[in-house]
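Enquirer: Please find one structure pasted underneath; my questions will follow.
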Amino acid sequence: MDAFELGYVMGLIVGEGSFTGDRRNPVLSVKLHELDPEPLYLLRRALGGKVYGPYHYDGRHFYQYMLRGEALREAVPLFL
């Protein structure tokens, strides 16, 4: 991953992401509107994980990126 892609990924996570789950099963989650899912696929290419959706819930339409397990553990040093 080059410096630009790393900066873009970190900005996307800081701006739109959240850490969820619990102590045993932490998850990095990023949700974006269904009309703009491409940044989530960039996250998948850069870090692993999966993109789910599209979802239609309570008037919202979105895709969700999730990173968990070993892939999340390997990505943690990037956040430091």
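Residues in the structure tokens are named by chain (A, B, ... in the order shown) and by number from 1 within that chain; ligands are numbered from 1 in the order shown.
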Neighbours of Gly69 of chain A within 8 Å (only C-alpha atoms; same-chain residues fewer than 3 positions away dropped), as a PyMOL selection string?

Expert: chain A and resi 25-27+72-73

Enquirer: Segment 10-22 of chain A: which residues within 12 Å, counting only C-alpha atoms, same-chain residues fewer than 6 positions away excluded, as number ranges by chain?

Expert: A: 1, 3-4, 28-33, 38-43, 46-47, 64-69, 72, 75-80

Enquirer: Please return as a ChimeraX atom specification: the residues of chain A that backbone DSSP assigns to strand (DSSP E or B).

Expert: /A:17-21,26-33,50-57,60-68

Enquirer: Between A:Arg23, A:Lys50, A:Val9, A:Asp2, single out the one closest to Tyr63 of chain A, counting only C-alpha atoms.

Expert: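 Under the stated criterion, the closest residue is A:Lys50.
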
Enquirer: For a test of reading the model, state the distance in Å between atom CA of Gly49 of chain A and atom CA of Pro37 of chain A, rounded to one decimal.

Expert: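 Atom CA of Gly49 of chain A sits 14.3 Å away from atom CA of Pro37 of chain A.
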
Enquirer: Mind pulling up the distance from atom CA of Glu5 of chain A to atom CA of Glu34 of chain A?

Expert: 21.9 Å

Enquirer: Run DSSP on the backbone and tell me which residues of segment 17-59 of chain A come out as alpha helix (DSSP H); list them as a short mmCIF file (atom, residue, chain, number, x, y, z; two decimals) with N, CA, C and O atoms, in the first residue's frame.

Expert:
data_model
loop_
_atom_site.label_atom_id
_atom_site.label_comp_id
_atom_site.auth_asym_id
_atom_site.auth_seq_id
_atom_site.Cartn_x
_atom_site.Cartn_y
_atom_site.Cartn_z
N GLU A 38 -17.73 2.36 -3.65
CA GLU A 38 -16.36 2.10 -4.10
C GLU A 38 -15.30 2.28 -3.02
O GLU A 38 -14.36 1.47 -2.94
N PRO A 39 -15.38 3.30 -2.14
CA PRO A 39 -14.37 3.40 -1.08
C PRO A 39 -14.33 2.17 -0.17
O PRO A 39 -13.27 1.80 0.34
N LEU A 40 -15.47 1.50 -0.01
CA LEU A 40 -15.48 0.29 0.81
C LEU A 40 -14.71 -0.83 0.13
O LEU A 40 -14.03 -1.63 0.80
N TYR A 41 -14.79 -0.91 -1.18
CA TYR A 41 -14.04 -1.92 -1.92
C TYR A 41 -12.55 -1.62 -1.88
O TYR A 41 -11.72 -2.53 -1.87
N LEU A 42 -12.19 -0.34 -1.82
CA LEU A 42 -10.78 0.02 -1.64
C LEU A 42 -10.29 -0.45 -0.27
O LEU A 42 -9.20 -0.98 -0.15
N LEU A 43 -11.12 -0.28 0.77
CA LEU A 43 -10.77 -0.79 2.10
C LEU A 43 -10.56 -2.30 2.05
O LEU A 43 -9.60 -2.82 2.62
N ARG A 44 -11.43 -2.99 1.35
CA ARG A 44 -11.31 -4.45 1.25
C ARG A 44 -10.01 -4.84 0.56
O ARG A 44 -9.33 -5.76 0.99
N ARG A 45 -9.66 -4.14 -0.52
CA ARG A 45 -8.41 -4.44 -1.22
C ARG A 45 -7.19 -4.14 -0.35
O ARG A 45 -6.21 -4.86 -0.37
N ALA A 46 -7.26 -3.07 0.42
CA ALA A 46 -6.11 -2.64 1.21
C ALA A 46 -5.93 -3.44 2.49
O ALA A 46 -4.80 -3.75 2.88
N LEU A 47 -7.04 -3.78 3.16
CA LEU A 47 -6.95 -4.39 4.50
C LEU A 47 -7.52 -5.80 4.59
O LEU A 47 -7.30 -6.48 5.58
#
